[in-house]
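S.K.: Next comes protein-v9.txt, compact mmCIF, C-alpha atoms and all ligand atoms:
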```
# COMPACT_ATOMS: atom_id res chain seq x y z
CA MET A 1241 -20.28 217.37 164.63
CA SER A 1242 -19.01 213.83 165.08
CA SER A 1243 -16.86 214.89 168.03
CA LEU A 1244 -20.05 215.87 169.87
CA LEU A 1245 -21.38 212.34 169.66
CA PRO A 1246 -20.57 209.93 172.44
CA CYS A 1247 -17.89 207.49 171.40
CA CYS A 1248 -18.88 203.84 171.18
CA PHE A 1249 -15.65 202.46 172.65
CA PRO A 1250 -13.71 203.68 175.65
CA VAL A 1251 -10.36 203.66 173.83
CA CYS A 1252 -11.35 206.10 171.12
CA GLN A 1253 -10.78 209.62 172.31
CA SER A 1254 -9.64 211.12 169.02
CA GLU A 1255 -11.48 211.84 165.80
CA PRO A 1256 -11.96 208.65 163.76
CA LEU A 1257 -9.79 208.15 160.69
CA LEU A 1258 -12.80 206.64 158.94
CA GLU A 1259 -16.38 207.14 159.97
CA VAL A 1260 -19.21 205.46 158.08
CA ASP A 1261 -22.64 206.57 159.15
CA ASP A 1262 -25.92 204.93 158.08
CA LEU A 1263 -24.55 204.19 154.62
CA HIS A 1264 -26.98 202.96 151.99
CA ALA A 1265 -25.77 202.01 148.53
CA GLU A 1266 -27.12 200.29 145.47
CA VAL A 1267 -25.79 198.71 142.32
CA GLU A 1268 -27.84 198.51 139.15
CA GLY A 1269 -30.93 199.52 141.08
CA ASN A 1270 -30.50 196.83 143.77
CA ALA A 1271 -30.12 198.05 147.35
CA ILE A 1272 -27.07 196.28 148.81
CA LEU A 1273 -25.92 198.35 151.78
CA ARG A 1274 -28.85 199.09 154.06
CA GLY A 1275 -27.47 201.30 156.80
CA VAL A 1276 -23.84 200.54 157.62
CA SER A 1277 -22.24 202.43 160.49
CA LEU A 1278 -18.61 202.00 161.51
CA ARG A 1279 -15.94 204.05 163.22
CA ILE A 1280 -12.27 203.31 162.80
CA HIS A 1281 -9.61 205.12 164.79
CA ALA A 1282 -5.87 205.33 164.34
CA GLY A 1283 -4.08 202.32 165.80
CA GLU A 1284 -7.03 199.97 165.36
CA ILE A 1285 -7.46 196.78 163.37
CA HIS A 1286 -11.06 195.97 162.48
CA ALA A 1287 -12.44 192.89 160.80
CA ILE A 1288 -15.72 192.59 158.94
CA MET A 1289 -17.01 189.08 158.58
CA GLY A 1290 -20.13 187.83 156.88
CA ARG A 1291 -21.28 185.20 154.51
CA ASN A 1292 -20.93 185.57 150.75
CA GLY A 1293 -23.28 188.15 149.29
CA SER A 1294 -23.76 190.07 152.56
CA GLY A 1295 -22.29 193.27 151.08
CA LYS A 1296 -18.68 193.27 152.36
CA SER A 1297 -17.04 193.93 148.99
CA THR A 1298 -19.72 196.49 148.18
CA LEU A 1299 -18.76 198.44 151.30
CA ALA A 1300 -15.08 198.30 150.30
CA LYS A 1301 -15.82 199.44 146.76
CA VAL A 1302 -18.11 202.27 147.87
CA VAL A 1303 -15.42 203.52 150.25
CA ALA A 1304 -12.84 203.34 147.46
CA GLY A 1305 -15.18 205.15 145.03
CA HIS A 1306 -16.05 202.45 142.51
CA PRO A 1307 -18.27 204.15 139.89
CA ALA A 1308 -20.74 201.24 139.56
CA TYR A 1309 -22.07 201.81 143.09
CA THR A 1310 -24.47 204.62 144.00
CA VAL A 1311 -24.70 205.94 147.53
CA THR A 1312 -28.36 206.64 148.24
CA ALA A 1313 -28.06 207.76 151.87
CA GLY A 1314 -25.57 208.21 154.69
CA THR A 1315 -22.06 209.62 154.93
CA VAL A 1316 -18.44 208.52 154.92
CA ARG A 1317 -15.93 210.82 156.56
CA TYR A 1318 -12.19 210.39 156.26
CA ARG A 1319 -10.20 212.36 158.82
CA GLY A 1320 -13.31 214.46 159.29
CA ASP A 1321 -13.77 215.30 155.58
CA ASP A 1322 -16.49 214.12 153.22
CA LEU A 1323 -14.84 211.16 151.51
CA LEU A 1324 -17.67 210.62 149.05
CA ALA A 1325 -16.99 214.05 147.50
CA LEU A 1326 -13.50 212.91 146.42
CA GLU A 1327 -12.61 211.15 143.19
CA PRO A 1328 -11.26 207.61 143.69
CA GLU A 1329 -7.70 208.69 142.82
CA ASP A 1330 -7.85 211.54 145.32
CA ARG A 1331 -9.00 209.11 148.00
CA ALA A 1332 -5.96 206.95 147.23
CA ARG A 1333 -3.58 209.93 147.28
CA ALA A 1334 -5.03 211.00 150.62
CA GLY A 1335 -4.09 207.63 152.09
CA LEU A 1336 -6.99 205.27 151.54
CA PHE A 1337 -5.95 201.90 150.18
CA LEU A 1338 -8.14 199.10 148.88
CA GLY A 1339 -6.61 195.67 148.48
CA PHE A 1340 -8.85 193.90 145.99
CA GLN A 1341 -10.51 190.55 146.48
CA HIS A 1342 -9.64 189.85 142.85
CA PRO A 1343 -6.55 191.89 141.89
CA VAL A 1344 -6.61 192.81 138.20
CA GLU A 1345 -3.95 191.85 135.69
CA ILE A 1346 -2.59 194.71 133.59
CA PRO A 1347 -0.71 193.18 130.65
CA GLY A 1348 1.94 195.41 129.13
CA VAL A 1349 2.38 197.59 132.25
CA SER A 1350 5.55 196.90 134.19
CA ASN A 1351 4.89 196.10 137.83
CA LEU A 1352 7.87 198.21 138.90
CA GLU A 1353 6.71 201.24 136.90
CA PHE A 1354 3.14 200.84 138.12
CA LEU A 1355 4.33 200.77 141.72
CA ARG A 1356 6.62 203.76 141.12
CA VAL A 1357 3.94 205.96 139.54
CA SER A 1358 1.34 205.19 142.21
CA SER A 1359 3.83 205.55 145.03
CA ASN A 1360 5.09 208.89 143.66
CA ALA A 1361 1.52 210.21 143.44
CA ARG A 1362 1.12 209.44 147.14
CA ARG A 1363 4.54 210.93 147.97
CA ARG A 1364 3.59 214.16 146.15
CA TYR A 1365 0.44 214.38 148.24
CA LYS A 1366 2.46 213.96 151.44
CA GLY A 1367 4.93 216.64 150.29
CA GLU A 1368 7.74 214.11 149.92
CA GLU A 1369 10.29 214.01 147.16
CA GLU A 1370 9.36 211.81 144.19
CA LEU A 1371 11.72 208.95 143.44
CA ASP A 1372 13.33 208.38 140.06
CA THR A 1373 13.61 204.89 138.61
CA PHE A 1374 16.90 204.09 140.32
CA ALA A 1375 16.03 205.46 143.74
CA PHE A 1376 12.64 203.76 143.59
CA GLU A 1377 14.15 200.42 142.67
CA ASP A 1378 16.35 200.60 145.75
CA HIS A 1379 13.34 201.52 147.86
CA VAL A 1380 11.29 198.60 146.49
CA ARG A 1381 14.08 196.15 147.04
CA ASP A 1382 14.21 197.24 150.68
CA THR A 1383 10.46 196.69 150.90
CA LEU A 1384 10.25 193.28 149.21
CA PRO A 1385 11.18 191.31 152.35
CA ILE A 1386 7.94 192.42 154.01
CA VAL A 1387 6.10 190.05 151.65
CA GLN A 1388 9.07 187.79 150.91
CA MET A 1389 8.77 188.54 147.22
CA ASP A 1390 11.28 187.67 144.55
CA PRO A 1391 12.59 190.78 142.69
CA ALA A 1392 11.79 188.99 139.40
CA PHE A 1393 8.13 189.92 139.97
CA LEU A 1394 9.02 193.58 139.55
CA GLU A 1395 10.05 193.05 135.95
CA ARG A 1396 6.78 191.36 134.96
CA SER A 1397 3.48 192.98 133.93
CA VAL A 1398 1.22 193.88 136.85
CA ASN A 1399 -0.20 190.60 138.20
CA GLU A 1400 -0.06 188.96 134.77
CA GLY A 1401 0.23 185.21 135.26
CA PHE A 1402 0.77 185.68 139.01
CA SER A 1403 -0.70 182.91 141.17
CA GLY A 1404 -3.45 183.85 143.62
CA GLY A 1405 -0.92 184.08 146.45
CA GLU A 1406 1.52 186.15 144.41
CA LYS A 1407 -1.23 188.61 143.51
CA LYS A 1408 -2.12 189.07 147.15
CA ARG A 1409 1.53 189.54 148.07
CA ASN A 1410 1.81 192.12 145.33
CA GLU A 1411 -1.20 193.93 146.83
CA ILE A 1412 0.53 194.08 150.20
CA LEU A 1413 3.76 195.27 148.53
CA GLN A 1414 1.74 198.05 146.92
CA MET A 1415 0.23 198.86 150.28
CA ALA A 1416 3.67 199.03 151.88
CA LEU A 1417 4.89 201.44 149.19
CA LEU A 1418 1.79 203.63 149.33
CA ASP A 1419 1.91 203.88 153.11
CA PRO A 1420 -1.87 204.36 153.56
CA LEU A 1421 -3.58 205.68 156.67
CA VAL A 1422 -6.57 203.41 156.18
CA ALA A 1423 -6.07 200.08 154.43
CA VAL A 1424 -9.17 198.11 153.48
CA LEU A 1425 -8.16 194.57 152.60
CA ASP A 1426 -10.92 192.62 150.90
CA GLU A 1427 -10.50 188.87 151.36
CA THR A 1428 -6.74 189.16 151.23
CA ASP A 1429 -6.70 185.68 152.71
CA SER A 1430 -8.89 183.97 150.12
CA GLY A 1431 -7.19 181.44 147.90
CA LEU A 1432 -3.98 181.41 149.94
CA ASP A 1433 -2.27 178.31 151.22
CA ILE A 1434 -1.11 178.42 154.81
CA ASP A 1435 2.44 179.64 154.01
CA ALA A 1436 1.21 182.45 151.76
CA LEU A 1437 -1.39 183.34 154.38
CA ARG A 1438 1.31 183.70 157.04
CA ILE A 1439 3.43 185.88 154.74
CA VAL A 1440 0.53 188.14 153.79
CA ALA A 1441 -0.75 188.38 157.34
CA GLY A 1442 2.77 189.05 158.62
CA GLY A 1443 3.13 191.86 156.06
CA VAL A 1444 -0.15 193.42 157.15
CA GLN A 1445 0.90 193.20 160.78
CA GLN A 1446 4.28 194.81 160.12
CA LEU A 1447 2.55 197.70 158.39
CA ALA A 1448 0.09 198.38 161.23
CA ARG A 1449 1.16 201.41 163.29
CA PRO A 1450 -0.38 203.63 165.93
CA ASP A 1451 -1.09 206.30 163.29
CA ASN A 1452 -2.82 204.09 160.73
CA ALA A 1453 -5.71 201.65 160.68
CA THR A 1454 -6.63 198.42 158.94
CA LEU A 1455 -10.00 197.03 157.96
CA LEU A 1456 -9.83 193.34 157.15
CA ILE A 1457 -12.73 191.89 155.25
CA THR A 1458 -12.77 188.17 155.59
CA HIS A 1459 -15.07 185.24 155.29
CA TYR A 1460 -12.99 182.98 157.46
CA GLN A 1461 -11.62 183.04 160.95
CA ARG A 1462 -8.21 181.70 159.90
CA LEU A 1463 -6.73 185.11 158.99
CA LEU A 1464 -7.71 186.24 162.46
CA ASP A 1465 -5.66 183.40 163.93
CA VAL A 1466 -2.63 185.32 162.70
CA ILE A 1467 -3.80 188.92 163.07
CA THR A 1468 -5.71 189.82 166.20
CA PRO A 1469 -8.33 192.44 165.42
CA ASP A 1470 -9.43 194.97 168.03
CA PHE A 1471 -12.99 194.80 166.75
CA VAL A 1472 -14.94 192.22 164.78
CA HIS A 1473 -18.13 193.22 162.97
CA VAL A 1474 -20.65 190.87 161.43
CA MET A 1475 -22.36 191.99 158.25
CA VAL A 1476 -25.71 190.49 157.38
CA ASN A 1477 -27.81 191.71 154.46
CA GLY A 1478 -25.99 194.98 154.05
CA ARG A 1479 -25.91 195.98 157.70
CA ILE A 1480 -23.55 195.44 160.60
CA LEU A 1481 -25.61 193.48 163.07
CA ARG A 1482 -22.98 192.68 165.66
CA THR A 1483 -19.73 194.12 166.92
CA GLY A 1484 -17.43 192.40 169.35
CA ASP A 1485 -13.84 191.38 169.86
CA LYS A 1486 -11.94 188.38 168.60
CA GLY A 1487 -14.28 186.15 170.60
CA LEU A 1488 -17.06 186.99 168.17
CA ALA A 1489 -14.99 185.62 165.27
CA LEU A 1490 -14.45 182.42 167.22
CA GLU A 1491 -18.15 182.18 167.93
CA LEU A 1492 -18.92 182.57 164.22
CA GLU A 1493 -16.41 179.86 163.43
CA GLU A 1494 -18.16 177.56 165.83
CA ARG A 1495 -21.80 178.42 165.23
CA GLY A 1496 -21.79 179.70 161.63
CA TYR A 1497 -23.77 182.78 160.62
CA ASP A 1498 -27.28 181.41 161.06
CA TRP A 1499 -27.71 182.50 164.65
CA VAL A 1500 -26.91 186.11 163.74
CA ASP A 1501 -29.49 185.90 160.93
CA GLN A 1502 -32.01 184.52 163.36
CA GLU A 1503 -31.43 187.41 165.72
CA ASP A 1504 -31.83 189.75 162.74
CA ALA A 1505 -35.14 188.11 161.84
CA ASP A 1506 -36.27 188.32 165.47
CA SER A 1507 -35.40 192.00 165.74
CA LEU A 1508 -37.14 192.79 162.45
CA ALA A 1509 -40.22 190.90 163.65
CA GLU A 1510 -40.11 192.96 166.84
CA VAL A 1511 -39.95 196.22 164.86
CA GLY A 1512 -42.81 194.98 162.66
CA ALA A 1513 -44.89 194.09 165.69
CA ARG A 1514 -44.60 197.56 167.19
P1 LIG B 1 -19.68 189.91 149.73
O1 LIG B 1 -18.41 190.63 149.42
O2 LIG B 1 -20.11 190.04 151.15
O3 LIG B 1 -19.66 188.49 149.28
P2 LIG B 1 -20.81 191.63 147.71
O4 LIG B 1 -20.71 193.02 148.22
O5 LIG B 1 -19.85 191.22 146.65
O6 LIG B 1 -20.86 190.60 148.92
O7 LIG B 1 -22.26 191.42 147.08
C1 LIG B 1 -23.45 191.77 147.79
C2 LIG B 1 -24.64 191.56 146.88
O8 LIG B 1 -24.59 192.53 145.86
C3 LIG B 1 -24.69 190.22 146.20
O9 LIG B 1 -26.02 189.77 146.19
C4 LIG B 1 -24.22 190.50 144.80
O10 LIG B 1 -24.79 189.63 143.86
C5 LIG B 1 -24.70 191.92 144.58
N1 LIG B 1 -23.83 192.66 143.65
C6 LIG B 1 -22.56 193.04 143.88
N2 LIG B 1 -22.05 193.67 142.80
C7 LIG B 1 -23.03 193.67 141.87
C8 LIG B 1 -23.14 194.16 140.55
N3 LIG B 1 -22.12 194.79 139.97
N4 LIG B 1 -24.32 193.99 139.91
C9 LIG B 1 -25.37 193.37 140.51
N5 LIG B 1 -25.33 192.88 141.76
C10 LIG B 1 -24.18 193.02 142.43
MG MG B 2 -16.60 189.94 148.67
```
Take the structure in this file and express it as structure tokens.
M.R.:
Amino acid sequence: MSSLLPCCFPVCQSEPLLEVDDLHAEVEGNAILRGVSLRIHAGEIHAIMGRNGSGKSTLAKVVAGHPAYTVTAGTVRYRGDDLLALEPEDRARAGLFLGFQHPVEIPGVSNLEFLRVSSNARRRYKGEEELDTFAFEDHVRDTLPIVQMDPAFLERSVNEGFSGGEKKRNEILQMALLDPLVAVLDETDSGLDIDALRIVAGGVQQLARPDNATLLITHYQRLLDVITPDFVHVMVNGRILRTGDKGLALELEERGYDWVDQEDADSLAEVGAR
């Protein structure tokens, strides 16, 4: 069905990896997403910007399958299949990755073992051989340089006592090991100093390939100084009101979000007046 629709951008000839269509979602009875539509193709880096409370994390959590959020209308297709029909763990096995805005600490669970179990689940799905403890440790050590991480972090409990920057680096390490097809990174840049930001952004860039896609959710332009997105979307009140290129992010940096809101108010007034 989707292939019959005209494509919004000239570069996208193939089926989207992720296609969100008129998505509405609520949490605890409050409507948060009010008609989000988005198409992400292999090889693309997208950024969603928007002020706090606009619904960015809600979109990420709905796509990942967080149980607190209820989809009330619309569809999400992943490689053409109904993503919303899949359990969260099946979405992850199939290659969807969510990097959390606030990564959780899991005391008592070894980071190395956590990474091994999750990575093996993904390998099984891809039909690849699972790695035992020794083989996996070698594999992780080869991967650590992507985020310039000290091997000592492997021996600790997942994220326990990690600084904000270390948690975000651990998220990108996890991403590297899971080898997702669609990575949704929610405010991966928040709370990072400039060095950590460069490391995290560099890791994300190294992992971007022609066969995968990245969706960066960010409040600030500064991440986009390091990673150049192909498309920038502005979310306001649970909808994407604007899509452009990197220039749009620069415009937001300069003018803030108010002018987009104003245009939203104007367009709603126009609809109301009809
Ligand atoms: P953003 O990531 O853009 O800052 P969020 O998606 O986190 O925005 O939040 C959008 C809105 O949804 C906010 O008004 C927030 O208070 C509300 N919201 C998010 N999660 C919950 C929840 N679990 N319960 C009630 N309201 C929520
Ligand atoms: Mg958020």
S.K.: Do you know which residues are at most 6 Å from range 1343-1350 of chain A counting only C-alpha atoms, after dropping those on the same chain fewer than 3 positions away, and could you put them as a PyMOL selection string?
M.R.: chain A and resi 1340+1353+1396-1400
S.K.: Would you write out, as a Markdown table, a table of all residues in chain A that have an atom no more than 8 Å from an atom of ligand MG 2 (chain B), listing for each the closest atom pair and the distance in Å to one decimal, considering only C-alpha atoms and all ligand atoms and ordering rows by chain and rising residue number?
M.R.:
```
| residue | atom | partner | partner_atom | distance |
| --- | --- | --- | --- | --- |
| A:Asn1292 | CA | B:MG2 | MG | 6.5 |
| A:Gly1293 | CA | B:MG2 | MG | 6.9 |
| A:Gly1295 | CA | B:MG2 | MG | 7.0 |
| A:Lys1296 | CA | B:MG2 | MG | 5.4 |
| A:Ser1297 | CA | B:MG2 | MG | 4.0 |
| A:Thr1298 | CA | B:MG2 | MG | 7.3 |
| A:Gln1341 | CA | B:MG2 | MG | 6.5 |
| A:Asp1426 | CA | B:MG2 | MG | 6.7 |
| A:Glu1427 | CA | B:MG2 | MG | 6.8 |
| A:Ile1457 | CA | B:MG2 | MG | 7.9 |
```
S.K.: Restricting the calculation to only C-alpha atoms: of A:Glu1327, A:Thr1428, A:Tyr1309, A:Ala1287, which residue gets closest to Ala1489 in chain A?
M.R.: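 Between A:Glu1327, A:Thr1428, A:Tyr1309, A:Ala1287, the residue approaching Ala1489 in chain A most closely is A:Ala1287.
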S.K.: Which residues are near ligand LIG 1 (chain B) in this structure, taking near to mean any atom at most 12 Å from a ligand atom and counting all atoms listed in the file? Format them as a VMD selection string.
M.R.: chain A and resid 1265 to 1274 1288 to 1303 1306 to 1310 1340 to 1342 1425 to 1428 1430 1456 to 1460 1474 to 1480
S.K.: Go through A:Leu1413, A:Leu1481, A:Ala1325, A:Leu1338 one by one, measure the shortest atom-to-atom distance of each to Ala1304 in chain A using only C-alpha atoms, and give the residue with the smallest value.
M.R.: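 When distances to Ala1304 in chain A are compared using only C-alpha atoms, the smallest one comes from A:Leu1338.
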S.K.: So how far away is CA of Ala1436 in chain A from CA of Ala1332 in chain A, in Å?
M.R.: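 Rounded to one decimal, the two atoms are 25.9 Å apart.
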S.K.: Can you tell me how far CA of Ser1358 in chain A sits from CA of His1379 in chain A, in Å to one decimal?
M.R.: 13.8 Å
S.K.: What gap, in Å, lies between CA of Glu1491 in chain A and CA of Gly1443 in chain A?
M.R.: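 So the two atoms, CA of Glu1491 in chain A and CA of Gly1443 in chain A, lie 26.2 Å apart.
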S.K.: Of the residues A:His1286, A:Arg1495, A:Arg1333, A:Arg1279, which is the one nearest to Gly1320 in chain A, using all atoms listed in the file?
M.R.: A:Arg1279
S.K.: Hey, which of A:Met1415, A:Leu1258, A:Val1444, A:Leu1463 ends up closest to Asp1429 in chain A? Count only C-alpha atoms.
M.R.: A:Leu1463
S.K.: Which residues come within 9 Å of Leu1352 in chain A, counting all atoms listed in the file, excluding same-chain residues fewer than 5 positions away, as a VMD selection string?
M.R.: chain A and resid 1357 1373 1376 to 1377 1380 1393 to 1398
S.K.: Which residue is closest to Leu1464 in chain A? Choose from A:Ala1423, A:Leu1432, A:Leu1447, A:Ile1285 and count only C-alpha atoms.
M.R.: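 Using only C-alpha atoms, Leu1464 in chain A sits closest to A:Ile1285.
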S.K.: Measuring atom to atom with all atoms listed in the file, identify which of A:Ser1403, A:Gly1283, A:Arg1331, A:Arg1356 is nearest to Gln1445 in chain A.
M.R.: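 Going through A:Ser1403, A:Gly1283, A:Arg1331, A:Arg1356 one by one, the smallest distance to Gln1445 in chain A is for A:Gly1283.
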S.K.: Kindly compute an axis-aligned box around the listed atoms of range 1344-1351 of chain A, allowing 5 Å on each side, and express its centre and edge lengths in Å to one decimal as AutoDock Vina command-line options.
M.R.:
```
--center_x -0.5 --center_y 194.7 --center_z 133.7 --size_x 22.2 --size_y 15.7 --size_z 19.1
```
S.K.: Have range 1319-1334 of chain A completed to N, CA and C atoms, please, and pass it along as a CSV table (one decimal), in the frame of the given file.
M.R.:
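Okay, this is what ended up in part_8.csv:
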```
chain,number,residue,atom,x,y,z
A,1319,ARG,N,-10.9,211.3,158.0
A,1319,ARG,CA,-10.2,212.4,158.8
A,1319,ARG,C,-11.1,213.6,158.9
A,1320,GLY,N,-12.4,213.4,159.1
A,1320,GLY,CA,-13.3,214.5,159.3
A,1320,GLY,C,-13.9,215.0,158.0
A,1321,ASP,N,-13.3,214.7,156.8
A,1321,ASP,CA,-13.8,215.3,155.6
A,1321,ASP,C,-14.7,214.3,154.9
A,1322,ASP,N,-15.5,214.9,154.0
A,1322,ASP,CA,-16.5,214.1,153.2
A,1322,ASP,C,-15.7,213.3,152.2
A,1323,LEU,N,-15.6,212.0,152.4
A,1323,LEU,CA,-14.8,211.2,151.5
A,1323,LEU,C,-15.6,211.0,150.2
A,1324,LEU,N,-16.9,210.9,150.2
A,1324,LEU,CA,-17.7,210.6,149.0
A,1324,LEU,C,-17.6,211.7,148.0
A,1325,ALA,N,-17.1,212.9,148.4
A,1325,ALA,CA,-17.0,214.0,147.5
A,1325,ALA,C,-15.7,213.9,146.7
A,1326,LEU,N,-14.8,213.0,147.1
A,1326,LEU,CA,-13.5,212.9,146.4
A,1326,LEU,C,-13.5,211.9,145.3
A,1327,GLU,N,-12.8,212.1,144.3
A,1327,GLU,CA,-12.6,211.2,143.2
A,1327,GLU,C,-11.8,210.0,143.8
A,1328,PRO,N,-12.0,208.8,143.2
A,1328,PRO,CA,-11.3,207.6,143.7
A,1328,PRO,C,-9.7,207.8,143.8
A,1329,GLU,N,-9.2,208.5,142.8
A,1329,GLU,CA,-7.7,208.7,142.8
A,1329,GLU,C,-7.3,209.7,143.9
A,1330,ASP,N,-8.2,210.6,144.2
A,1330,ASP,CA,-7.8,211.5,145.3
A,1330,ASP,C,-8.0,210.8,146.7
A,1331,ARG,N,-8.9,209.9,146.8
A,1331,ARG,CA,-9.0,209.1,148.0
A,1331,ARG,C,-7.7,208.3,148.2
A,1332,ALA,N,-7.2,207.7,147.1
A,1332,ALA,CA,-6.0,207.0,147.2
A,1332,ALA,C,-4.8,207.8,147.6
A,1333,ARG,N,-4.7,209.0,147.0
A,1333,ARG,CA,-3.6,209.9,147.3
A,1333,ARG,C,-3.6,210.4,148.7
A,1334,ALA,N,-4.9,210.5,149.2
A,1334,ALA,CA,-5.0,211.0,150.6
A,1334,ALA,C,-4.7,209.9,151.6
```
